Number of protein chains: 2
Amino acid sequence: MPSALAKSPLLLACRNLPVPRMPVWFMRQAGRSLPEYRAMRGSGSILDAIARPEIACEATLQPVRRYGVDAAILFSDIVVPVHAIGFGVDVVQGRGPVVESPFRTTADLTRLRDLETTDIEHVIETCRMVTSELEGTGTPLIGFAGAPFTVASYLVEGGPTRTFHLVKALAHREPALFEALCDRLADMAIAFTSAQVAAGASAIQLFDSWAGALTAMEYEQFALPSTRRVMAALEPLGVPRILYGLGTGELLSLMATSGADVIGVDWHVPIDAARTRVGALAVQGNLDPALCVLDRDVALAATRDVLARSGDRPGHIFNLGHGVLPMSDPGILADVVSVVHDEGRAGVETPS
Amino acid sequence: MPSALAKSPLLLACRNLPVPRMPVWFMRQAGRSLPEYRAMRGSGSILDAIARPEIACEATLQPVRRYGVDAAILFSDIVVPVHAIGFGVDVVQGRGPVVESPFRTTADLTRLRDLETTDIEHVIETCRMVTSELEGTGTPLIGFAGAPFTVASYLVEGGPTRTFHLVKALAHREPALFEALCDRLADMAIAFTSAQVAAGASAIQLFDSWAGALTAMEYEQFALPSTRRVMAALEPLGVPRILYGLGTGELLSLMATSGADVIGVDWHVPIDAARTRVGALAVQGNLDPALCVLDRDVALAATRDVLARSGDRPGHIFNLGHGVLPMSDPGILADVVSVVHDEGRAGVETPS
């Protein structure tokens, strides 16, 4: 680890170690919620912006400059790897990832070839540019990938869904096929995140955003095994691994067995209760993003409530419980960062 | 209670009493998922169909005939009362309730006048027609209303939302105004459901469908007080009161303090775990509706899993964990009913 990162509050907190200040960053801190991003990008698919390293690097760095957060997160999307191998995915503005020809049968497995380094040169280049810009600042870059279940849900449903009935039916009806699909996606997530680490990322977050659609029994059968494979493959790289999902209150104790070092928690479970559920692991969260849109006082009161529940114990990375909402007020988010830095006590070393 | 209803499995189970067979019905069993309904109704707002008692009565009875479920539920919508007093709401097909001029300030309270019997003559007439048709069959009619928080979320957001940021901001920023709003909506829910009971309904379900958007702390402050008012006002009527919300795993123990007799549970919490959380109250649920769309074997295996977790203890009404999905296969749902009736053991009296 470059020496400036040795004191990174984020990287220390991931390991449950004492920190110089409580770390904070925001899921989806880069991109659509920032006026400087909207001014830069114009219209078109986000995949085009991601494919241009100078744009993606700038988008990654904008929130670091604006908010003074304790980590940059790669400006990317969980469908980038499947898009890169030509599965036929686009991200439609205001809707999300849309799949031209959804995954339905065993024959579709052949459409999921290995992810090669040459498929993601642009992402690797972005990571190199970002970490070069951040060098010496002590701010790490978090790389990321979608967890197999969540990516599978897009491939099977053909787009965003509120019901998940196609992916659930496939998983229950053809568990061996679903496992094969998730294994392919696990391999791609491993290749994708390993490449990011090789290009300078100091931590990895696996987004199993839609795992909360599953019961604990389903999660254990359909999502956890491939998640464990990803976590195990990343272990030798020596970077902290964060696992996040929305609406996973019933799943937290299972997620804690995935091999992740940090469990992301949404706002439905108070952070102290979440710590009980995940045991010794570090936690990340869990301010409600909906409270950061309209009212500064409401946002800061909620921030202080999270901090109070968190207390002194090390191993808490402050974050939202889900991504920054597009209509969020960046000024409010900046004030949230200040309050966490000024008042957060989780693992903060007191001068002796 | 008319004598034929004295042995209603649903009404007995609501009271934790032994039942001749395990009761089952489905939220949203009436309406869009049934071909006979689609054939009858054609296009146009659902509010127009609800306003015609002969249509609404027929829609209410269709699933009772088709499935042999243990209850009819009034074909209606949670926005019917606010629509009836002229707040300016419509239900847009494929989208949901849309409010012309959302609730934003104290001045908007004056737009919420008392609900008078004359506003809902059509609903009262539907209840009379349905209960007259059901007379002697032993099948009760469940009346319903939206819980104040959930109706308030539509009025404040102006339509369906995934973020709830407007209603949360209003509740946090102006708690007295939000309380006044929920009190008005509680009065309307009381008037609406009382009229249904007077016209023959034998049980009431309060849909707090979106309560799961709230943390436990928020639920206790913003949703529970008005829900308690409704439950308390209905107590003298002597009909069982069911309280349902989606994604309420963290809220079940609070919901159990609302005065409800039965707590509805979605599929995220296994029904045995849910019983632990709600204590002595009866429970309703909790088959995942997504599993009833495509595959009979999957649906029946999941049904049997719920039944196994439920066991022998009285006080379980079988249902889905959320409404029937529009694309559900009615044949699968019919088979679910058969399995529950044939194999369900919760509170079922064994011939001595």
# chains A, B, ... in the order shown; residues from 1 in each chain; ligands from 1
call {"tool": "interface_residues", "arguments": {"of": "chain B", "to": "chain A", "cutoff": "7 Å", "atoms": "only C-alpha atoms", "output": "ChimeraX atom specification"}}
result
/B:163-165,169,172-173,215,267-268,290-291,293-295,298
call {"tool": "select_by_dssp", "arguments": {"residues": "region 80-226 of chain A", "states": "strand (DSSP E)", "output": "list in words"}}
result
Val89, Asp90, Val91, Val92, Gly96, Pro97, Val98, Val99, Leu141, Ile142, Gly143, Phe144, Ala145, Gly146, Ala203, Ile204, Gln205, Leu206 and Phe207 of chain A
call {"tool": "write_last_selection", "arguments": {"atoms": "N, CA and C atoms", "output": "JSON list (two decimals), in the first residue's frame"}}
result
[["chain", "number", "residue", "atom", "x", "y", "z"],
["A", 89, "VAL", "N", -26.53, -5.25, -23.64],
["A", 89, "VAL", "CA", -27.13, -4.51, -22.53],
["A", 89, "VAL", "C", -26.93, -3.03, -22.80],
["A", 90, "ASP", "N", -27.94, -2.23, -22.51],
["A", 90, "ASP", "CA", -27.72, -0.79, -22.49],
["A", 90, "ASP", "C", -28.32, -0.24, -21.21],
["A", 91, "VAL", "N", -27.87, 0.94, -20.82],
["A", 91, "VAL", "CA", -28.45, 1.59, -19.65],
["A", 91, "VAL", "C", -29.27, 2.76, -20.16],
["A", 92, "VAL", "N", -30.59, 2.66, -20.00],
["A", 92, "VAL", "CA", -31.50, 3.67, -20.52],
["A", 92, "VAL", "C", -31.78, 4.70, -19.43],
["A", 96, "GLY", "N", -32.83, 2.40, -16.45],
["A", 96, "GLY", "CA", -31.81, 1.50, -15.92],
["A", 96, "GLY", "C", -31.35, 0.53, -16.99],
["A", 97, "PRO", "N", -30.67, -0.55, -16.58],
["A", 97, "PRO", "CA", -30.12, -1.50, -17.55],
["A", 97, "PRO", "C", -31.25, -2.26, -18.26],
["A", 98, "VAL", "N", -31.14, -2.32, -19.58],
["A", 98, "VAL", "CA", -32.12, -3.04, -20.39],
["A", 98, "VAL", "C", -31.36, -4.06, -21.25],
["A", 99, "VAL", "N", -31.86, -5.29, -21.26],
["A", 99, "VAL", "CA", -31.18, -6.37, -21.96],
["A", 99, "VAL", "C", -31.97, -6.72, -23.21],
["A", 141, "LEU", "N", -9.12, 4.68, -3.83],
["A", 141, "LEU", "CA", -10.16, 4.41, -4.83],
["A", 141, "LEU", "C", -10.83, 3.08, -4.50],
["A", 142, "ILE", "N", -12.16, 3.09, -4.43],
["A", 142, "ILE", "CA", -12.92, 1.86, -4.27],
["A", 142, "ILE", "C", -13.33, 1.37, -5.65],
["A", 143, "GLY", "N", -12.96, 0.15, -5.98],
["A", 143, "GLY", "CA", -13.45, -0.45, -7.21],
["A", 143, "GLY", "C", -14.74, -1.20, -6.91],
["A", 144, "PHE", "N", -15.46, -1.60, -7.95],
["A", 144, "PHE", "CA", -16.67, -2.36, -7.65],
["A", 144, "PHE", "C", -17.14, -3.22, -8.80],
["A", 145, "ALA", "N", -18.03, -4.12, -8.43],
["A", 145, "ALA", "CA", -18.72, -4.98, -9.41],
["A", 145, "ALA", "C", -20.10, -5.29, -8.85],
["A", 146, "GLY", "N", -20.99, -5.72, -9.72],
["A", 146, "GLY", "CA", -22.27, -6.23, -9.27],
["A", 146, "GLY", "C", -22.11, -7.66, -8.77],
["A", 203, "ALA", "N", -9.78, -0.93, -2.43],
["A", 203, "ALA", "CA", -10.87, -1.64, -1.77],
["A", 203, "ALA", "C", -11.87, -2.00, -2.85],
["A", 204, "ILE", "N", -12.71, -2.99, -2.57],
["A", 204, "ILE", "CA", -13.70, -3.42, -3.55],
["A", 204, "ILE", "C", -15.06, -3.49, -2.87],
["A", 205, "GLN", "N", -16.07, -2.93, -3.55],
["A", 205, "GLN", "CA", -17.45, -3.14, -3.06],
["A", 205, "GLN", "C", -18.19, -4.01, -4.06],
["A", 206, "LEU", "N", -18.86, -5.01, -3.54],
["A", 206, "LEU", "CA", -19.71, -5.86, -4.36],
["A", 206, "LEU", "C", -21.15, -5.43, -4.09],
["A", 207, "PHE", "N", -21.81, -5.00, -5.15],
["A", 207, "PHE", "CA", -23.19, -4.52, -5.02],
["A", 207, "PHE", "C", -24.16, -5.67, -5.28]]
call {"tool": "calpha_fit_and_write", "arguments": {"fixed": "chain A", "moving": "chain B", "output": "short mmCIF file (atom, residue, chain, number, x, y, z; two decimals) with C-alpha atoms, in the first residue's frame"}}
result
data_model
loop_
_atom_site.label_atom_id
_atom_site.label_comp_id
_atom_site.auth_asym_id
_atom_site.auth_seq_id
_atom_site.Cartn_x
_atom_site.Cartn_y
_atom_site.Cartn_z
CA MET B 1 0.06 0.02 0.01
CA PRO B 2 1.46 3.45 -0.91
CA SER B 3 2.41 5.12 2.34
CA ALA B 4 -0.11 7.96 2.06
CA LEU B 5 -2.86 5.34 2.17
CA ALA B 6 -1.54 3.72 5.34
CA LYS B 7 -3.54 6.21 7.37
CA SER B 8 -6.66 6.15 5.20
CA PRO B 9 -9.63 6.28 7.58
CA LEU B 10 -11.65 4.16 5.17
CA LEU B 11 -9.06 1.39 4.85
CA LEU B 12 -8.43 1.35 8.61
CA ALA B 13 -12.14 1.24 9.43
CA CYS B 14 -12.63 -1.68 7.05
CA ARG B 15 -10.23 -3.61 9.32
CA ASN B 16 -11.88 -2.46 12.55
CA LEU B 17 -8.77 -0.41 13.36
CA PRO B 18 -8.63 3.00 15.06
CA VAL B 19 -8.97 5.93 12.66
CA PRO B 20 -7.77 9.55 12.69
CA ARG B 21 -11.34 10.58 11.74
CA MET B 22 -14.52 8.71 10.98
CA PRO B 23 -14.59 7.86 7.26
CA VAL B 24 -17.52 8.80 5.05
CA TRP B 25 -18.38 8.39 1.39
CA PHE B 26 -21.66 8.07 -0.50
CA MET B 27 -22.85 5.35 -2.81
CA ARG B 28 -23.53 7.04 -6.19
CA GLN B 29 -21.64 10.10 -5.01
CA ALA B 30 -20.39 10.45 -8.59
CA GLY B 31 -22.62 11.27 -11.48
CA ARG B 32 -26.16 12.47 -11.99
CA SER B 33 -26.69 14.31 -8.68
CA LEU B 34 -23.77 16.70 -9.31
CA PRO B 35 -24.27 19.79 -11.49
CA GLU B 36 -20.60 19.68 -12.54
CA TYR B 37 -21.19 16.15 -13.83
CA ARG B 38 -24.36 17.05 -15.71
CA ALA B 39 -22.57 20.02 -17.25
CA MET B 40 -19.72 17.78 -18.40
CA ARG B 41 -21.64 14.84 -19.76
CA GLY B 42 -24.70 15.99 -21.65
CA SER B 43 -27.03 13.25 -22.88
CA GLY B 44 -26.38 9.74 -24.18
CA SER B 45 -25.92 6.39 -22.45
CA ILE B 46 -23.92 6.33 -19.25
CA LEU B 47 -22.02 3.42 -20.82
CA ASP B 48 -20.55 5.86 -23.36
CA ALA B 49 -19.37 8.14 -20.55
CA ILE B 50 -17.88 5.18 -18.69
CA ALA B 51 -16.05 4.13 -21.85
CA ARG B 52 -14.15 7.45 -21.97
CA PRO B 53 -11.43 7.37 -19.29
CA GLU B 54 -10.98 11.15 -19.13
CA ILE B 55 -14.74 11.60 -18.50
CA ALA B 56 -14.97 8.68 -16.08
CA CYS B 57 -11.86 9.85 -14.20
CA GLU B 58 -13.25 13.35 -13.86
CA ALA B 59 -16.66 12.03 -12.72
CA THR B 60 -14.91 9.83 -10.15
CA LEU B 61 -12.93 12.76 -8.76
CA GLN B 62 -15.69 15.42 -8.73
CA PRO B 63 -17.31 14.27 -5.46
CA VAL B 64 -13.92 13.87 -3.77
CA ARG B 65 -13.19 17.52 -4.52
CA ARG B 66 -16.65 18.76 -3.68
CA TYR B 67 -17.36 16.79 -0.53
CA GLY B 68 -13.93 15.88 0.83
CA VAL B 69 -15.15 12.30 1.23
CA ASP B 70 -12.70 9.63 2.37
CA ALA B 71 -12.86 7.57 -0.80
CA ALA B 72 -13.37 7.86 -4.51
CA ILE B 73 -15.55 5.19 -6.06
CA LEU B 74 -15.02 4.26 -9.64
CA PHE B 75 -17.55 5.87 -11.97
CA SER B 76 -18.92 2.76 -13.59
CA ASP B 77 -21.98 0.51 -13.64
CA ILE B 78 -22.64 -3.05 -12.59
CA VAL B 79 -23.53 -4.07 -16.15
CA VAL B 80 -20.20 -2.89 -17.60
CA PRO B 81 -18.66 -6.41 -17.72
CA VAL B 82 -21.64 -8.08 -19.42
CA HIS B 83 -21.87 -5.13 -21.78
CA ALA B 84 -18.14 -5.43 -22.50
CA ILE B 85 -18.42 -9.06 -23.62
CA GLY B 86 -21.32 -8.16 -25.91
CA PHE B 87 -24.29 -9.66 -24.07
CA GLY B 88 -26.44 -6.85 -25.42
CA VAL B 89 -27.13 -4.51 -22.53
CA ASP B 90 -27.72 -0.80 -22.50
CA VAL B 91 -28.45 1.60 -19.66
CA VAL B 92 -31.51 3.66 -20.52
CA GLN B 93 -31.71 7.03 -18.78
CA GLY B 94 -34.55 7.16 -16.27
CA ARG B 95 -35.06 3.41 -16.52
CA GLY B 96 -31.83 1.48 -15.92
CA PRO B 97 -30.12 -1.51 -17.55
CA VAL B 98 -32.12 -3.05 -20.38
CA VAL B 99 -31.18 -6.38 -21.96
CA GLU B 100 -31.94 -6.91 -25.64
CA SER B 101 -32.30 -10.66 -25.42
CA PRO B 102 -32.70 -11.86 -21.83
CA PHE B 103 -31.10 -14.94 -20.34
CA ARG B 104 -33.59 -17.80 -20.38
CA THR B 105 -32.06 -21.21 -21.15
CA THR B 106 -28.88 -23.23 -20.93
CA ALA B 107 -28.01 -22.13 -24.46
CA ASP B 108 -27.66 -18.57 -23.16
CA LEU B 109 -24.65 -19.63 -21.06
CA THR B 110 -22.54 -19.62 -24.21
CA ARG B 111 -23.24 -15.89 -24.54
CA LEU B 112 -21.31 -15.34 -21.32
CA ARG B 113 -17.68 -15.78 -22.27
CA ASP B 114 -14.75 -14.95 -19.97
CA LEU B 115 -14.03 -11.31 -19.37
CA GLU B 116 -10.61 -10.48 -20.84
CA THR B 117 -8.41 -7.55 -19.86
CA THR B 118 -8.78 -6.25 -23.39
CA ASP B 119 -12.55 -5.94 -22.87
CA ILE B 120 -12.09 -3.42 -20.10
CA GLU B 121 -9.04 -1.42 -21.10
CA HIS B 122 -11.06 1.78 -20.64
CA VAL B 123 -11.93 0.87 -17.04
CA ILE B 124 -8.34 -0.05 -16.28
CA GLU B 125 -7.17 3.22 -17.78
CA THR B 126 -9.71 5.14 -15.66
CA CYS B 127 -8.46 3.42 -12.49
CA ARG B 128 -4.85 4.31 -13.40
CA MET B 129 -5.75 7.92 -14.09
CA VAL B 130 -7.77 8.27 -10.87
CA THR B 131 -5.17 6.69 -8.62
CA SER B 132 -2.46 8.74 -10.25
CA GLU B 133 -4.47 11.91 -9.53
CA LEU B 134 -5.11 10.78 -5.96
CA GLU B 135 -1.51 9.77 -5.30
CA GLY B 136 -0.19 11.30 -2.12
CA THR B 137 -3.60 12.60 -1.01
CA GLY B 138 -4.33 9.58 1.18
CA THR B 139 -7.71 9.08 -0.53
CA PRO B 140 -8.21 5.53 -1.78
CA LEU B 141 -10.16 4.41 -4.83
CA ILE B 142 -12.91 1.85 -4.27
CA GLY B 143 -13.45 -0.46 -7.21
CA PHE B 144 -16.67 -2.35 -7.64
CA ALA B 145 -18.72 -4.98 -9.40
CA GLY B 146 -22.27 -6.22 -9.27
CA ALA B 147 -22.79 -9.38 -7.27
CA PRO B 148 -23.86 -12.37 -9.37
CA PHE B 149 -27.49 -12.51 -8.18
CA THR B 150 -28.13 -8.83 -8.86
CA VAL B 151 -26.53 -8.91 -12.32
CA ALA B 152 -28.39 -12.16 -13.05
CA SER B 153 -31.67 -10.47 -12.14
CA TYR B 154 -31.12 -7.90 -14.90
CA LEU B 155 -30.07 -10.54 -17.43
CA VAL B 156 -33.05 -12.78 -16.70
CA GLU B 157 -35.72 -10.11 -16.21
CA GLY B 158 -34.46 -8.10 -19.17
CA GLY B 159 -34.47 -4.88 -17.18
CA PRO B 160 -35.31 -3.35 -13.83
CA THR B 161 -38.13 -5.16 -12.06
CA ARG B 162 -40.22 -4.74 -8.95
CA THR B 163 -41.39 -8.35 -8.93
CA PHE B 164 -38.32 -10.48 -9.72
CA HIS B 165 -40.73 -13.22 -10.79
CA LEU B 166 -38.70 -14.36 -13.80
CA VAL B 167 -35.38 -14.67 -11.99
CA LYS B 168 -37.00 -16.34 -8.99
CA ALA B 169 -38.80 -18.82 -11.21
CA LEU B 170 -35.57 -19.66 -13.04
CA ALA B 171 -33.66 -20.07 -9.78
CA HIS B 172 -36.29 -22.32 -8.19
CA ARG B 173 -37.12 -24.29 -11.31
CA GLU B 174 -33.63 -24.77 -12.70
CA PRO B 175 -31.24 -24.33 -9.78
CA ALA B 176 -28.33 -25.96 -11.63
CA LEU B 177 -28.70 -23.57 -14.56
CA PHE B 178 -29.04 -20.60 -12.23
CA GLU B 179 -25.93 -21.70 -10.36
CA ALA B 180 -24.04 -21.98 -13.64
CA LEU B 181 -25.19 -18.47 -14.57
CA CYS B 182 -24.08 -17.07 -11.22
CA ASP B 183 -20.76 -18.89 -11.50
CA ARG B 184 -20.12 -17.26 -14.87
CA LEU B 185 -21.03 -13.88 -13.41
CA ALA B 186 -18.83 -14.54 -10.37
CA ASP B 187 -15.87 -15.24 -12.67
CA MET B 188 -16.55 -11.98 -14.46
CA ALA B 189 -16.84 -10.05 -11.19
CA ILE B 190 -13.54 -11.55 -10.05
CA ALA B 191 -11.78 -10.63 -13.29
CA PHE B 192 -13.34 -7.16 -13.28
CA THR B 193 -12.46 -6.27 -9.71
CA SER B 194 -9.02 -7.88 -9.83
CA ALA B 195 -8.19 -5.71 -12.82
CA GLN B 196 -9.30 -2.64 -10.88
CA VAL B 197 -7.10 -3.59 -7.93
CA ALA B 198 -4.17 -4.20 -10.27
CA ALA B 199 -4.77 -0.70 -11.66
CA GLY B 200 -4.74 0.92 -8.24
CA ALA B 201 -8.05 0.35 -6.44
CA SER B 202 -7.50 -0.15 -2.70
CA ALA B 203 -10.86 -1.65 -1.76
CA ILE B 204 -13.70 -3.42 -3.55
CA GLN B 205 -17.43 -3.14 -3.06
CA LEU B 206 -19.70 -5.87 -4.36
CA PHE B 207 -23.19 -4.51 -5.03
CA ASP B 208 -25.84 -7.16 -4.42
CA SER B 209 -28.37 -4.37 -4.58
CA TRP B 210 -31.43 -6.58 -5.13
CA ALA B 211 -30.54 -9.42 -2.75
CA GLY B 212 -33.29 -8.05 -0.50
CA ALA B 213 -35.86 -9.46 -2.92
CA LEU B 214 -34.92 -12.91 -1.63
CA THR B 215 -35.88 -14.70 1.55
CA ALA B 216 -33.02 -15.86 3.76
CA MET B 217 -33.51 -19.38 2.46
CA GLU B 218 -33.35 -18.20 -1.14
CA TYR B 219 -30.36 -15.95 -0.44
CA GLU B 220 -28.47 -18.84 1.07
CA GLN B 221 -29.20 -21.07 -1.90
CA PHE B 222 -29.15 -18.68 -4.85
CA ALA B 223 -26.92 -15.71 -3.98
CA LEU B 224 -24.52 -16.52 -1.18
CA PRO B 225 -22.48 -19.31 -2.87
CA SER B 226 -21.37 -17.19 -5.83
CA THR B 227 -20.79 -14.20 -3.55
CA ARG B 228 -18.51 -16.39 -1.43
CA ARG B 229 -16.58 -17.38 -4.55
CA VAL B 230 -15.93 -13.75 -5.41
CA MET B 231 -14.89 -12.87 -1.87
CA ALA B 232 -12.57 -15.88 -1.62
CA ALA B 233 -10.92 -15.09 -4.95
CA LEU B 234 -10.28 -11.51 -3.87
CA GLU B 235 -8.79 -12.45 -0.51
CA PRO B 236 -5.20 -12.94 -1.79
CA LEU B 237 -5.27 -9.40 -3.19
CA GLY B 238 -5.30 -8.07 0.36
CA VAL B 239 -7.84 -5.31 -0.22
CA PRO B 240 -10.94 -4.88 1.98
CA ARG B 241 -14.12 -6.30 0.52
CA ILE B 242 -17.45 -4.58 1.15
CA LEU B 243 -20.78 -6.31 0.48
CA TYR B 244 -23.91 -4.21 0.09
CA GLY B 245 -27.59 -4.89 -0.55
CA LEU B 246 -30.84 -2.96 -0.10
CA GLY B 247 -33.56 -4.28 2.20
CA THR B 248 -31.35 -7.00 3.60
CA GLY B 249 -32.30 -6.77 7.28
CA GLU B 250 -33.22 -10.45 7.34
CA LEU B 251 -30.03 -11.39 5.46
CA LEU B 252 -27.32 -9.52 7.35
CA SER B 253 -26.14 -12.46 9.42
CA LEU B 254 -25.87 -14.60 6.27
CA MET B 255 -24.07 -11.84 4.38
CA ALA B 256 -21.59 -11.75 7.27
CA THR B 257 -20.58 -15.32 6.34
CA SER B 258 -19.71 -14.34 2.74
CA GLY B 259 -16.06 -13.59 3.40
CA ALA B 260 -16.63 -9.83 3.17
CA ASP B 261 -14.77 -7.58 5.60
CA VAL B 262 -17.51 -4.95 5.70
CA ILE B 263 -21.28 -5.28 5.44
CA GLY B 264 -23.25 -2.38 3.97
CA VAL B 265 -26.52 -1.67 5.75
CA ASP B 266 -29.53 0.26 4.49
CA TRP B 267 -31.54 2.59 6.74
CA HIS B 268 -34.22 0.10 7.77
CA VAL B 269 -32.06 -1.46 10.46
CA PRO B 270 -30.53 0.86 13.05
CA ILE B 271 -26.75 0.64 12.79
CA ASP B 272 -26.36 -0.70 16.33
CA ALA B 273 -28.86 -3.48 15.61
CA ALA B 274 -27.02 -4.17 12.35
CA ARG B 275 -23.73 -4.57 14.23
CA THR B 276 -25.35 -7.18 16.42
CA ARG B 277 -26.45 -9.07 13.31
CA VAL B 278 -23.09 -8.97 11.50
CA GLY B 279 -20.94 -9.79 14.53
CA ALA B 280 -17.29 -8.79 14.43
CA LEU B 281 -17.28 -7.38 10.89
CA ALA B 282 -17.13 -3.69 10.12
CA VAL B 283 -20.33 -1.99 8.90
CA GLN B 284 -21.06 0.72 6.36
CA GLY B 285 -24.10 2.97 6.33
CA ASN B 286 -26.81 3.94 6.98
CA LEU B 287 -28.37 7.38 6.54
CA ASP B 288 -31.65 7.37 4.59
CA PRO B 289 -30.87 9.04 1.22
CA ALA B 290 -34.45 10.38 1.09
CA LEU B 291 -33.61 12.64 4.02
CA CYS B 292 -30.79 14.34 2.07
CA VAL B 293 -32.97 15.84 -0.64
CA LEU B 294 -34.92 18.72 0.84
CA ASP B 295 -34.01 19.75 4.33
CA ARG B 296 -30.62 20.34 5.91
CA ASP B 297 -31.84 20.19 9.50
CA VAL B 298 -33.61 16.89 8.92
CA ALA B 299 -30.54 15.42 7.21
CA LEU B 300 -28.18 16.53 9.96
CA ALA B 301 -30.46 15.32 12.75
CA ALA B 302 -30.63 11.93 11.04
CA THR B 303 -26.84 11.94 10.59
CA ARG B 304 -26.38 12.59 14.30
CA ASP B 305 -28.81 9.81 15.13
CA VAL B 306 -26.70 7.34 13.12
CA LEU B 307 -23.55 8.62 14.85
CA ALA B 308 -25.16 8.29 18.29
CA ARG B 309 -26.20 4.70 17.59
CA SER B 310 -22.76 3.93 16.21
CA GLY B 311 -20.95 5.15 19.32
CA ASP B 312 -17.21 4.66 19.85
CA ARG B 313 -16.64 1.18 18.54
CA PRO B 314 -14.21 1.01 15.58
CA GLY B 315 -15.27 -0.39 12.23
CA HIS B 316 -17.98 1.96 10.99
CA ILE B 317 -17.77 3.66 7.61
CA PHE B 318 -20.45 6.32 7.34
CA ASN B 319 -22.48 6.18 4.14
CA LEU B 320 -26.03 6.40 2.91
CA GLY B 321 -28.23 3.33 3.13
CA HIS B 322 -28.63 3.37 -0.68
CA GLY B 323 -27.34 5.52 -3.53
CA VAL B 324 -27.53 9.31 -3.58
CA LEU B 325 -30.91 10.23 -5.10
CA PRO B 326 -30.62 12.19 -8.39
CA MET B 327 -32.49 15.19 -6.95
CA SER B 328 -30.35 15.38 -3.80
CA ASP B 329 -28.97 18.70 -2.66
CA PRO B 330 -25.16 18.51 -2.86
CA GLY B 331 -24.96 21.26 -0.22
CA ILE B 332 -26.76 19.04 2.27
CA LEU B 333 -24.46 16.13 1.51
CA ALA B 334 -21.43 18.37 2.05
CA ASP B 335 -22.78 19.28 5.46
CA VAL B 336 -23.36 15.62 6.29
CA VAL B 337 -19.67 14.99 5.57
CA SER B 338 -18.68 17.84 7.87
CA VAL B 339 -20.83 16.56 10.71
CA VAL B 340 -19.44 13.04 10.38
CA HIS B 341 -15.87 14.35 10.32
CA ASP B 342 -16.45 16.71 13.23
CA GLU B 343 -18.65 14.59 15.45
CA GLY B 344 -18.21 10.93 14.46
CA ARG B 345 -16.52 8.94 17.20
CA ALA B 346 -16.46 5.37 15.85
CA GLY B 347 -12.89 4.19 16.36
CA VAL B 348 -11.56 7.74 16.42
CA GLU B 349 -8.26 7.98 18.27
CA THR B 350 -8.26 10.58 21.00
CA PRO B 351 -4.98 12.50 21.31
CA SER B 352 -3.17 11.13 24.37
#
call {"tool": "select_by_dssp", "arguments": {"residues": "region 271-301 of chain A", "states": "alpha helix (DSSP H)", "output": "list of chain:residue names"}}
result
A:Ile271, A:Asp272, A:Ala273, A:Ala274, A:Arg275, A:Thr276, A:Arg277, A:Val278, A:Arg296, A:Asp297, A:Val298, A:Ala299, A:Leu300, A:Ala301
call {"tool": "write_last_selection", "arguments": {"atoms": "N, CA, C and O atoms", "output": "short mmCIF file (atom, residue, chain, number, x, y, z; two decimals), in the first residue's frame"}}
result
data_model
loop_
_atom_site.label_atom_id
_atom_site.label_comp_id
_atom_site.auth_asym_id
_atom_site.auth_seq_id
_atom_site.Cartn_x
_atom_site.Cartn_y
_atom_site.Cartn_z
N ILE A 271 -28.12 1.11 13.00
CA ILE A 271 -26.75 0.64 12.80
C ILE A 271 -26.27 -0.20 14.00
O ILE A 271 -25.49 -1.15 13.82
N ASP A 272 -26.76 0.12 15.20
CA ASP A 272 -26.35 -0.69 16.35
C ASP A 272 -26.97 -2.10 16.26
O ASP A 272 -26.30 -3.10 16.54
N ALA A 273 -28.21 -2.17 15.81
CA ALA A 273 -28.84 -3.49 15.62
C ALA A 273 -28.12 -4.25 14.51
O ALA A 273 -27.92 -5.46 14.59
N ALA A 274 -27.72 -3.54 13.47
CA ALA A 274 -27.01 -4.18 12.36
C ALA A 274 -25.69 -4.77 12.84
O ALA A 274 -25.31 -5.87 12.44
N ARG A 275 -25.00 -4.05 13.71
CA ARG A 275 -23.72 -4.56 14.23
C ARG A 275 -23.95 -5.87 15.00
O ARG A 275 -23.13 -6.78 14.91
N THR A 276 -25.02 -5.92 15.73
CA THR A 276 -25.34 -7.17 16.43
C THR A 276 -25.51 -8.31 15.42
O THR A 276 -25.05 -9.42 15.64
N ARG A 277 -26.17 -8.01 14.30
CA ARG A 277 -26.44 -9.07 13.32
C ARG A 277 -25.20 -9.51 12.56
O ARG A 277 -25.10 -10.66 12.15
N VAL A 278 -24.26 -8.59 12.33
CA VAL A 278 -23.09 -8.98 11.51
C VAL A 278 -21.90 -9.40 12.36
O VAL A 278 -20.87 -9.81 11.82
N ARG A 296 -31.92 20.47 5.25
CA ARG A 296 -30.62 20.34 5.91
C ARG A 296 -30.78 19.89 7.37
O ARG A 296 -30.06 19.00 7.83
N ASP A 297 -31.69 20.52 8.09
CA ASP A 297 -31.84 20.20 9.52
C ASP A 297 -32.25 18.74 9.70
O ASP A 297 -31.75 18.06 10.60
N VAL A 298 -33.16 18.29 8.87
CA VAL A 298 -33.62 16.90 8.94
C VAL A 298 -32.44 15.96 8.65
O VAL A 298 -32.22 14.97 9.35
N ALA A 299 -31.67 16.27 7.62
CA ALA A 299 -30.54 15.42 7.23
C ALA A 299 -29.50 15.37 8.35
O ALA A 299 -28.97 14.29 8.66
N LEU A 300 -29.22 16.50 8.94
CA LEU A 300 -28.17 16.52 9.97
C LEU A 300 -28.64 15.86 11.26
O LEU A 300 -27.86 15.18 11.95
N ALA A 301 -29.91 16.02 11.59
CA ALA A 301 -30.45 15.32 12.77
C ALA A 301 -30.37 13.81 12.56
O ALA A 301 -29.98 13.06 13.47
#
